[in-house]
>>> print(open('model.tsv').read())   # TSV, C-alpha atoms
chain	number	residue	atom	x	y	z
B	1	MET	CA	63.89	4.63	-28.36
B	2	ASP	CA	64.21	1.61	-30.68
B	3	ARG	CA	64.95	-1.46	-28.50
B	4	GLU	CA	67.04	-3.13	-31.21
B	5	THR	CA	69.23	-0.03	-31.63
B	6	LEU	CA	69.81	0.13	-27.89
B	7	LYS	CA	70.60	-3.56	-27.59
B	8	GLU	CA	74.11	-3.08	-28.95
B	9	PHE	CA	74.89	-0.84	-25.96
B	10	ASP	CA	73.19	-2.84	-23.17
B	11	GLU	CA	76.53	-3.74	-21.60
B	12	ILE	CA	77.59	-0.14	-21.00
B	13	ARG	CA	74.66	2.29	-21.31
B	14	PRO	CA	72.64	4.10	-18.60
B	15	TYR	CA	69.09	2.99	-17.84
B	16	GLU	CA	66.32	4.03	-20.18
B	17	PRO	CA	63.04	5.49	-18.81
B	18	GLU	CA	61.18	2.17	-18.91
B	19	GLU	CA	63.89	0.55	-16.75
B	20	ILE	CA	64.03	3.16	-13.99
B	21	ARG	CA	61.25	1.78	-11.77
B	22	GLN	CA	62.68	-1.76	-11.66
B	23	ALA	CA	66.20	-0.42	-11.00
B	24	PHE	CA	64.88	1.65	-8.08
B	25	ASP	CA	63.08	-1.38	-6.59
B	26	GLU	CA	66.27	-3.46	-6.89
B	27	LEU	CA	68.23	-0.66	-5.22
B	28	LEU	CA	65.86	-0.62	-2.24
B	29	SER	CA	66.17	-4.40	-1.82
B	30	ASP	CA	70.00	-4.32	-1.87
B	31	ARG	CA	71.40	-5.16	1.58
B	32	GLN	CA	74.54	-2.98	1.28
B	33	PHE	CA	72.52	-0.01	0.04
B	34	ASN	CA	70.21	-0.36	3.05
B	35	VAL	CA	73.20	-0.39	5.41
B	36	LEU	CA	74.33	2.87	3.78
B	37	MET	CA	70.85	4.42	4.11
B	38	LYS	CA	70.65	3.36	7.75
B	39	GLY	CA	73.71	5.52	8.41
B	40	PHE	CA	71.74	8.61	7.32
B	41	ALA	CA	68.71	7.87	9.51
B	42	PRO	CA	69.58	5.16	12.08
B	43	TRP	CA	66.42	5.86	14.10
B	44	LEU	CA	64.12	4.93	11.18
B	45	PRO	CA	63.13	1.27	10.64
B	46	LYS	CA	64.04	-0.05	7.17
B	47	SER	CA	60.36	-0.46	6.16
B	48	ILE	CA	59.53	3.17	6.95
B	49	ARG	CA	62.74	4.44	5.34
B	50	ASN	CA	62.02	2.57	2.11
B	51	SER	CA	58.37	3.67	2.15
B	52	LEU	CA	59.50	7.30	2.33
B	53	LEU	CA	61.92	6.74	-0.57
B	54	ARG	CA	59.16	5.11	-2.63
B	55	LEU	CA	56.90	8.07	-1.88
B	56	ALA	CA	59.64	10.47	-3.01
B	57	PHE	CA	60.00	8.42	-6.21
B	58	VAL	CA	56.38	9.04	-7.29
B	59	GLY	CA	56.39	10.88	-10.62
B	60	VAL	CA	59.97	9.89	-11.49
B	61	LYS	CA	59.79	8.49	-15.03
B	62	THR	CA	63.23	9.18	-16.54
B	63	PRO	CA	66.88	9.32	-15.43
B	64	LEU	CA	66.64	13.14	-15.70
B	65	ASP	CA	63.63	13.09	-13.34
B	66	PHE	CA	65.69	10.96	-10.94
B	67	GLN	CA	68.55	13.46	-11.04
B	68	LEU	CA	66.28	16.43	-10.44
B	69	ARG	CA	64.35	14.74	-7.62
B	70	PHE	CA	67.20	13.01	-5.75
B	71	MET	CA	70.64	14.09	-6.95
B	72	LYS	CA	70.21	17.84	-7.51
B	73	PRO	CA	69.24	18.60	-3.87
B	74	ILE	CA	72.19	16.50	-2.62
B	75	VAL	CA	74.69	18.22	-4.93
B	76	LYS	CA	73.33	21.69	-4.07
B	77	TYR	CA	73.77	20.81	-0.40
B	78	LEU	CA	77.40	19.76	-1.07
B	79	ILE	CA	78.02	23.09	-2.85
B	80	ARG	CA	76.59	25.03	0.11
B	81	LYS	CA	78.34	22.93	2.75
B	82	HIS	CA	81.75	22.17	1.22
B	83	THR	CA	82.53	25.05	-1.18
B	84	ASP	CA	82.55	28.84	-1.10
B	85	GLY	CA	80.37	28.86	-4.21
B	86	CYS	CA	80.36	27.18	-7.61
B	87	THR	CA	79.95	29.24	-10.80
B	88	PHE	CA	79.53	28.29	-14.46
B	89	ASP	CA	80.67	30.54	-17.32
B	90	ASP	CA	79.03	29.42	-20.58
B	91	THR	CA	79.39	32.69	-22.50
B	92	MET	CA	81.29	30.94	-25.31
B	93	LEU	CA	78.41	28.51	-25.95
B	94	ASP	CA	75.18	29.13	-27.88
B	95	GLY	CA	73.22	29.20	-24.62
B	96	ALA	CA	70.45	27.19	-23.00
B	97	GLN	CA	67.98	27.82	-25.83
B	98	SER	CA	70.23	26.17	-28.43
B	99	GLN	CA	69.18	22.83	-29.91
B	100	LEU	CA	72.81	21.67	-29.79
B	101	ARG	CA	73.99	18.96	-27.44
B	102	TYR	CA	77.60	19.10	-26.27
B	103	THR	CA	80.40	16.69	-25.43
B	104	PHE	CA	82.20	18.40	-22.54
B	105	VAL	CA	85.83	17.26	-22.28
B	106	SER	CA	87.36	18.65	-19.10
B	107	ASN	CA	90.33	18.47	-16.82
B	108	HIS	CA	89.64	16.03	-13.99
B	109	ARG	CA	89.50	17.35	-10.42
B	110	ASP	CA	87.11	15.01	-8.60
B	111	ILE	CA	86.05	11.41	-9.25
B	112	VAL	CA	82.37	12.06	-8.46
B	113	LEU	CA	81.71	15.80	-8.45
B	114	ASP	CA	83.18	17.00	-11.77
B	115	SER	CA	80.06	15.93	-13.65
B	116	ALA	CA	77.64	16.33	-10.70
B	117	PHE	CA	78.44	20.04	-10.26
B	118	LEU	CA	78.16	20.50	-14.05
B	119	ASP	CA	74.69	18.86	-14.03
B	120	VAL	CA	73.42	21.32	-11.43
B	121	LYS	CA	74.94	24.31	-13.23
B	122	LEU	CA	73.38	23.26	-16.57
B	123	VAL	CA	69.94	22.91	-14.94
B	124	GLU	CA	70.27	26.26	-13.17
B	125	ALA	CA	71.29	27.93	-16.46
B	126	GLY	CA	68.14	26.56	-18.15
B	127	TYR	CA	69.68	23.85	-20.35
B	128	PRO	CA	67.11	21.19	-21.29
B	129	THR	CA	69.14	18.26	-19.99
B	130	THR	CA	72.20	17.31	-17.96
B	131	VAL	CA	75.16	15.13	-19.03
B	132	GLU	CA	75.69	11.43	-19.47
B	133	ILE	CA	79.05	10.53	-17.97
B	134	GLY	CA	81.73	7.93	-18.53
B	135	ILE	CA	82.71	6.19	-15.29
B	136	GLY	CA	85.42	3.55	-14.92
B	137	ASP	CA	84.20	0.08	-13.93
B	138	ASN	CA	87.01	-0.01	-11.34
B	139	LEU	CA	84.83	2.30	-9.24
B	140	LEU	CA	81.69	0.15	-9.57
B	141	ILE	CA	82.78	-2.19	-6.79
B	142	TYR	CA	79.28	-3.03	-5.48
B	143	PRO	CA	76.10	-3.84	-7.45
B	144	TRP	CA	74.23	-0.94	-5.78
B	145	ILE	CA	76.88	1.56	-6.95
B	146	LYS	CA	76.56	0.34	-10.55
B	147	ARG	CA	72.76	0.49	-10.32
B	148	LEU	CA	72.81	3.98	-8.83
B	149	VAL	CA	75.21	5.47	-11.39
B	150	ARG	CA	73.24	3.95	-14.28
B	151	MET	CA	70.12	5.65	-12.88
B	152	ASN	CA	72.22	8.82	-12.76
B	153	LYS	CA	72.95	8.76	-16.53
B	154	ALA	CA	76.36	7.06	-16.35
B	155	PHE	CA	77.78	4.73	-18.99
B	156	THR	CA	80.58	2.30	-18.17
B	157	VAL	CA	84.21	2.71	-19.22
B	158	ARG	CA	85.81	-0.73	-19.01
B	159	ARG	CA	89.29	-0.86	-17.48
B	160	GLY	CA	92.03	-3.48	-17.14
B	161	LEU	CA	91.42	-5.19	-20.49
B	162	SER	CA	93.78	-6.83	-22.97
B	163	LEU	CA	94.83	-4.80	-26.02
B	164	ARG	CA	92.26	-6.49	-28.26
B	165	GLU	CA	89.48	-6.13	-25.66
B	166	THR	CA	90.39	-2.46	-25.11
B	167	LEU	CA	90.06	-1.75	-28.84
B	168	ALA	CA	86.62	-3.41	-29.01
B	169	ALA	CA	85.46	-1.62	-25.83
B	170	SER	CA	86.67	1.74	-27.16
B	171	GLN	CA	84.85	1.23	-30.47
B	172	LEU	CA	81.63	0.33	-28.64
B	173	MET	CA	81.89	3.33	-26.30
B	174	SER	CA	82.59	5.67	-29.20
B	175	ARG	CA	79.57	4.43	-31.14
B	176	TYR	CA	77.48	4.89	-28.01
B	177	ILE	CA	78.67	8.49	-27.46
B	178	HIS	CA	77.86	9.42	-31.07
B	179	PHE	CA	74.47	7.72	-30.69
B	180	ALA	CA	73.76	9.55	-27.39
B	181	VAL	CA	74.59	13.00	-28.80
B	182	THR	CA	72.99	12.67	-32.25
B	183	GLN	CA	70.03	10.32	-31.60
B	184	LYS	CA	69.18	10.53	-27.90
B	185	LYS	CA	69.98	14.27	-27.83
B	186	GLU	CA	72.04	13.97	-24.66
B	187	ASN	CA	75.06	15.97	-23.52
B	188	ILE	CA	78.17	13.97	-22.60
B	189	TRP	CA	80.90	14.64	-20.01
B	190	LEU	CA	84.32	12.97	-20.30
B	191	ALA	CA	87.60	13.53	-18.50
B	192	GLN	CA	90.42	14.60	-20.83
B	193	ARG	CA	92.51	11.64	-19.61
B	194	GLU	CA	92.17	8.37	-17.72
B	195	GLY	CA	92.40	9.23	-14.03
B	196	ARG	CA	93.11	12.59	-12.43
B	197	ALA	CA	96.34	14.50	-13.13
B	198	LYS	CA	97.90	14.08	-9.69
B	199	ASP	CA	100.10	17.18	-10.15
B	200	SER	CA	97.34	19.29	-11.84
B	201	ASP	CA	99.39	19.44	-15.06
B	202	ASP	CA	96.26	18.87	-17.13
B	203	ARG	CA	96.87	17.35	-20.57
B	204	THR	CA	94.38	15.84	-23.02
B	205	GLN	CA	95.28	12.29	-23.98
B	206	GLU	CA	95.28	11.73	-27.72
B	207	ALA	CA	93.76	8.32	-26.98
B	208	VAL	CA	90.55	10.00	-25.76
B	209	LEU	CA	90.18	11.88	-29.05
B	210	LYS	CA	91.04	8.80	-31.10
B	211	MET	CA	88.37	6.87	-29.18
B	212	LEU	CA	85.79	9.59	-29.91
B	213	ALA	CA	86.69	9.48	-33.62
B	214	MET	CA	86.15	5.70	-33.89
B	215	GLY	CA	82.34	6.11	-33.95
B	216	GLY	CA	82.12	8.93	-36.49
B	217	ASP	CA	83.13	12.50	-37.29
B	218	LEU	CA	84.42	14.43	-34.27
B	219	ARG	CA	82.50	17.49	-35.45
B	220	GLU	CA	79.09	15.92	-34.87
B	221	LEU	CA	79.90	15.65	-31.14
B	222	ASN	CA	80.17	19.44	-30.57
B	223	ILE	CA	83.20	18.96	-28.30
B	224	VAL	CA	83.64	21.70	-25.70
B	225	PRO	CA	86.93	22.05	-23.77
B	226	LEU	CA	85.77	22.68	-20.20
B	227	THR	CA	88.00	24.02	-17.41
B	228	ILE	CA	87.32	23.12	-13.77
B	229	SER	CA	89.15	25.21	-11.16
B	230	TYR	CA	89.20	24.42	-7.44
B	231	GLU	CA	90.64	26.88	-4.95
B	232	TYR	CA	91.52	23.95	-2.67
B	233	ASP	CA	91.72	20.29	-3.65
B	234	PRO	CA	90.61	18.21	-0.64
B	235	CYS	CA	92.48	15.19	-2.07
B	236	ASP	CA	95.79	17.05	-2.40
B	237	TYR	CA	97.32	15.25	0.61
B	238	LEU	CA	96.15	11.84	-0.66
B	239	LYS	CA	97.75	12.56	-4.06
B	240	ALA	CA	100.99	13.65	-2.36
B	241	GLN	CA	100.93	10.51	-0.24
B	242	GLU	CA	100.54	8.39	-3.38
B	243	PHE	CA	103.51	10.20	-4.97
B	244	GLN	CA	105.69	9.17	-2.02
B	245	GLN	CA	104.35	5.61	-2.01
B	246	LYS	CA	105.23	5.27	-5.71
B	247	ARG	CA	108.62	6.89	-5.16
B	248	ASP	CA	109.47	4.48	-2.34
B	249	ASN	CA	107.92	1.45	-4.08
B	250	PRO	CA	107.61	1.74	-7.90
B	251	ALA	CA	105.28	-1.29	-7.89
B	252	PHE	CA	102.77	0.42	-5.55
B	253	LYS	CA	99.13	0.33	-6.71
B	254	LYS	CA	96.09	1.86	-5.04
B	255	SER	CA	93.59	-0.52	-3.48
B	256	ARG	CA	89.82	-0.38	-3.84
B	257	GLN	CA	89.71	1.11	-0.37
B	258	ASP	CA	92.08	3.85	-1.52
B	259	ASP	CA	89.64	4.66	-4.36
B	260	LEU	CA	86.75	4.83	-1.88
B	261	ASP	CA	88.80	7.07	0.46
B	262	ASN	CA	89.54	9.41	-2.45
B	263	MET	CA	85.86	9.51	-3.42
B	264	LYS	CA	84.73	10.24	0.14
B	265	THR	CA	87.41	12.92	0.71
B	266	GLY	CA	86.66	14.56	-2.64
B	267	ILE	CA	82.93	14.74	-1.93
B	268	PHE	CA	83.01	15.91	1.68
B	269	GLY	CA	86.29	17.88	1.78
B	270	TYR	CA	86.52	21.68	1.65
B	271	LYS	CA	87.06	23.05	-1.86
B	272	GLY	CA	86.89	26.82	-1.44
B	273	ARG	CA	85.72	28.54	-4.63
B	274	VAL	CA	84.89	26.35	-7.65
B	275	VAL	CA	84.67	27.71	-11.20
B	276	TYR	CA	83.53	25.96	-14.40
B	277	ARG	CA	84.39	27.76	-17.65
B	278	ALA	CA	83.53	26.53	-21.14
B	279	ALA	CA	85.62	27.39	-24.20
B	280	ALA	CA	84.12	27.71	-27.68
B	281	PRO	CA	83.34	24.29	-29.24
B	282	VAL	CA	86.28	22.81	-31.17
B	283	ASP	CA	84.15	22.98	-34.34
B	284	SER	CA	85.04	26.69	-34.48
B	285	TRP	CA	88.70	25.87	-35.23
B	286	ILE	CA	89.12	22.14	-35.92
B	287	GLY	CA	88.77	22.74	-39.69
B	288	GLU	CA	92.13	24.55	-39.61
B	289	LEU	CA	93.80	21.21	-38.78
B	290	ALA	CA	91.97	19.07	-41.36
B	291	ASP	CA	94.90	18.85	-43.79
B	292	LEU	CA	97.35	17.50	-41.21
B	293	PRO	CA	98.53	13.88	-41.60
B	294	LYS	CA	96.61	11.49	-39.33
B	295	THR	CA	99.75	10.92	-37.26
B	296	GLU	CA	99.82	14.63	-36.35
B	297	TYR	CA	96.10	15.46	-36.36
B	298	PHE	CA	95.06	14.14	-32.92
B	299	LYS	CA	98.19	15.54	-31.28
B	300	ALA	CA	97.41	18.98	-32.71
B	301	VAL	CA	93.75	18.82	-31.60
B	302	ALA	CA	94.78	17.73	-28.08
B	303	GLU	CA	97.35	20.54	-27.81
B	304	ARG	CA	94.82	23.16	-28.95
B	305	MET	CA	92.26	21.83	-26.46
B	306	ASP	CA	94.88	22.01	-23.70
B	307	LYS	CA	95.55	25.64	-24.58
B	308	GLU	CA	91.81	26.41	-24.32
B	309	ILE	CA	91.53	24.59	-20.98
B	310	HIS	CA	94.67	26.25	-19.56
B	311	ARG	CA	93.74	29.79	-20.57
B	312	ASN	CA	90.38	29.38	-18.80
B	313	TYR	CA	91.79	28.48	-15.36
B	314	GLU	CA	90.51	30.62	-12.52
B	315	LEU	CA	93.62	31.33	-10.44
B	316	PHE	CA	93.48	31.94	-6.69
B	317	PRO	CA	96.00	33.38	-4.21
B	318	CYS	CA	97.15	29.87	-3.20
B	319	ASN	CA	98.18	29.15	-6.81
B	320	TYR	CA	100.47	32.19	-6.95
B	321	ILE	CA	101.80	31.61	-3.42
B	322	SER	CA	102.75	28.04	-4.35
B	323	LEU	CA	104.65	29.10	-7.46
B	324	ASP	CA	106.58	31.75	-5.53
B	325	GLU	CA	107.41	29.23	-2.77
B	326	LEU	CA	108.76	26.76	-5.31
B	327	ASN	CA	110.76	29.47	-7.14
B	328	GLY	CA	112.01	31.02	-3.90
B	329	ASP	CA	110.91	34.52	-4.94
B	330	SER	CA	107.92	36.87	-4.74
B	331	ALA	CA	107.37	37.47	-8.45
B	332	ASN	CA	103.61	36.97	-8.07
B	333	ALA	CA	103.18	38.88	-4.80
B	334	ALA	CA	100.73	41.29	-6.43
B	335	HIS	CA	98.20	38.45	-6.52
B	336	TYR	CA	98.09	37.74	-2.77
B	337	THR	CA	98.31	39.38	0.65
B	338	ALA	CA	100.21	38.47	3.81
B	339	ALA	CA	96.88	37.18	5.21
B	340	ASP	CA	96.40	34.97	2.13
B	341	LYS	CA	99.88	33.52	2.64
B	342	GLN	CA	99.29	32.90	6.34
B	343	ARG	CA	96.00	31.16	5.59
B	344	PHE	CA	97.54	28.92	2.93
B	345	GLU	CA	100.50	27.99	5.15
B	346	ALA	CA	98.06	26.91	7.87
B	347	TYR	CA	96.05	24.93	5.31
B	348	LEU	CA	99.20	23.25	3.97
B	349	ALA	CA	100.38	22.24	7.45
B	350	GLY	CA	96.94	20.79	8.21
B	351	GLN	CA	96.88	18.74	5.00
B	352	ILE	CA	100.40	17.34	5.51
B	353	ALA	CA	99.47	16.43	9.11
B	354	LYS	CA	96.75	14.10	7.72
B	355	ILE	CA	99.36	11.90	6.01
B	356	THR	CA	100.18	8.85	8.13
B	357	LEU	CA	103.04	7.15	6.27
B	358	ASP	CA	105.65	5.40	8.46
B	359	ASN	CA	108.57	7.01	6.62
B	360	LYS	CA	106.85	10.36	6.03
B	361	ASP	CA	109.05	12.71	3.96
B	362	GLU	CA	107.55	16.11	4.81
B	363	ALA	CA	109.80	18.15	2.49
B	364	PHE	CA	108.90	15.91	-0.47
B	365	LEU	CA	105.17	15.94	0.39
B	366	ARG	CA	105.16	19.72	0.71
B	367	GLU	CA	106.90	20.13	-2.65
B	368	ARG	CA	104.35	17.82	-4.29
B	369	ILE	CA	101.36	19.75	-2.94
B	370	LEU	CA	102.89	23.12	-3.88
B	371	THR	CA	103.46	21.78	-7.41
B	372	MET	CA	99.77	20.82	-7.68
B	373	TYR	CA	98.78	24.41	-6.97
B	374	ALA	CA	101.57	26.05	-9.02
B	375	ASN	CA	101.05	24.15	-12.28
B	376	PRO	CA	97.81	25.93	-13.28
B	377	VAL	CA	99.70	29.28	-13.10
B	378	ARG	CA	102.52	27.89	-15.25
B	379	ASN	CA	100.12	26.44	-17.80
B	380	LYS	CA	97.88	29.52	-18.01
B	381	SER	CA	100.92	31.77	-18.47
B	382	ALA	CA	102.16	29.53	-21.31
B	383	ALA	CA	98.69	29.43	-22.93
B	384	LEU	CA	98.31	33.20	-22.86
>>> encode(input="model.tsv", output="structure tokens")
Amino acid sequence: MDRETLKEFDEIRPYEPEEIRQAFDELLSDRQFNVLMKGFAPWLPKSIRNSLLRLAFVGVKTPLDFQLRFMKPIVKYLIRKHTDGCTFDDTMLDGAQSQLRYTFVSNHRDIVLDSAFLDVKLVEAGYPTTVEIGIGDNLLIYPWIKRLVRMNKAFTVRRGLSLRETLAASQLMSRYIHFAVTQKKENIWLAQREGRAKDSDDRTQEAVLKMLAMGGDLRELNIVPLTISYEYDPCDYLKAQEFQQKRDNPAFKKSRQDDLDNMKTGIFGYKGRVVYRAAAPVDSWIGELADLPKTEYFKAVAERMDKEIHRNYELFPCNYISLDELNGDSANAAHYTAADKQRFEAYLAGQIAKITLDNKDEAFLRERILTMYANPVRNKSAAL
């Protein structure tokens, strides 16, 4: 890759192959990273632990090699340990043998795992590469985290900027995404909005599409609306807690520790069944909207993408139970059994019990969690 071409993106891009070895050495010499590693094998002296990691690194020449050697086994372990299976439906795509690279734009369920699970599923399905991901710099709170995610094909999304700085950062990121798809031949994963939809009412922000259009024609990105469905969201109680905190104090803002707690809970919490389902690329229909005025165009694209994402939800008994509970009826009873309902009630009680607010409003918290599980049913019904 031409060094001069890359230079423009040095501030935000992932590591290139020639930078991987130095980044790995710097990671191993980071004090905080070593404290983390010690937690996994406290009986091993640091020198032996790092020697073993260096040995495992032999033959790793690219970020993709790093993912396959180190990250894929970890993510497969998380799927085995903390889900009841993760599936990927790519029947609407051209398949693993296609020369196309895709920009997956998905609803956002987990800070870390949305793209990590997708990486593993792409590799298992025979795709030639994984995805580069956009990750907010608010999560890169330690140098070792930034180093690690850049080795793992992440580019940085800058947050908390002034209006002028945000525009410049968006233009740079857009140019980089176009460059990555068309020149580097990489897939991209982006969330459809900044942050997770706390109530699972997943909507694509027009701003995301406008950002993508800054660097060139949307059609050259092969945008794929991707739906991620979790049977159980391990962070549901944390989201409900945040709803109450914001209700009781409109000025409430999450701390860095809150972000870390969400990341940890999302990674290691029980998720039940997980389903990834890709819609046809937007290129198959975006031409129909080409004559719309610019003021309406991005809104129309976002709404059509939402429809594709919503119609591809995998719905589980807990989704239907939640909607019936909120509506006070049994209109969806055909989709669940008495045992399903008993199981979900026990799950719900356990999640609410984890919330430790001083002025805990159990009725409000319960309603918030039920809404998170009911909204995918509402949205899929509307889309169909």
>>> closest_residue(input="model.tsv", among="B:Ser330, B:Gln257, B:Thr5, B:Ser106", to="Ile141 (chain B)", atoms="all atoms listed in the file")
B:Gln257
>>> residues_around(input="model.tsv", residues="Glu367 (chain B)", least_positions_apart="4", cutoff="10 Å", atoms="only C-alpha atoms", output="number ranges by chain")
B: 240, 322, 325-326, 362-363, 371-372
>>> residues_around(input="model.tsv", residues="Val208 (chain B)", least_positions_apart="3", cutoff="9 Å", atoms="all atoms listed in the file", output="PyMOL selection string")
chain B and resi 190-194+204-205+211-213
>>> residues_near_point(input="model.tsv", point="(84.0, 18.9, -25.9)", cutoff="8 Å", atoms="only C-alpha atoms", output="MDAnalysis selection string")
chainID B and resid 102:106 189 221:226 281:282
>>> closest_residue(input="model.tsv", among="B:Arg13, B:Arg164, B:Lys246, B:Lys121", to="Cys86 (chain B)", atoms="only C-alpha atoms")
B:Lys121
>>> atom_distance(input="model.tsv", atom1="CA of Leu118 (chain B)", atom2="CA of Phe179 (chain B)")
21.3 Å
>>> residues_around(input="model.tsv", residues="Leu384 (chain B)", least_positions_apart="5", cutoff="10 Å", atoms="only C-alpha atoms", output="list in words")
Lys307, Glu308, His310, Arg311, Asn312 and Asn379 of chain B
>>> residues_around(input="model.tsv", residues="Leu53 (chain B)", least_positions_apart="4", cutoff="10 Å", atoms="all atoms listed in the file", output="list in words")
Phe24, Leu28, Ser47, Ile48, Arg49, Phe57, Val58 and Phe70 of chain B
>>> closest_residue(input="model.tsv", among="B:Ala207, B:Asp65, B:Thr227, B:Thr130", to="Gln171 (chain B)", atoms="all atoms listed in the file")
B:Ala207
>>> closest_residue(input="model.tsv", among="B:Ala300, B:Leu238, B:Ala333, B:Leu323", to="Asn262 (chain B)", atoms="only C-alpha atoms")
B:Leu238
>>> closest_residue(input="model.tsv", among="B:Gln99, B:Ser381, B:Asn249, B:Asn107", to="Asp306 (chain B)", atoms="all atoms listed in the file")
B:Asn107
>>> closest_residue(input="model.tsv", among="B:Gln241, B:Gly85, B:Arg219, B:Lys38", to="Ser284 (chain B)", atoms="only C-alpha atoms")
B:Arg219
>>> atom_distance(input="model.tsv", atom1="CA of Gln351 (chain B)", atom2="CA of Lys271 (chain B)")
12.7 Å
>>> residues_around(input="model.tsv", residues="Leu260 (chain B)", least_positions_apart="4", cutoff="10 Å", atoms="all atoms listed in the file", output="list in words")
Ile111, Leu139, Ile141, Ser255, Arg256, Lys264, Thr265 and Gly266 of chain B
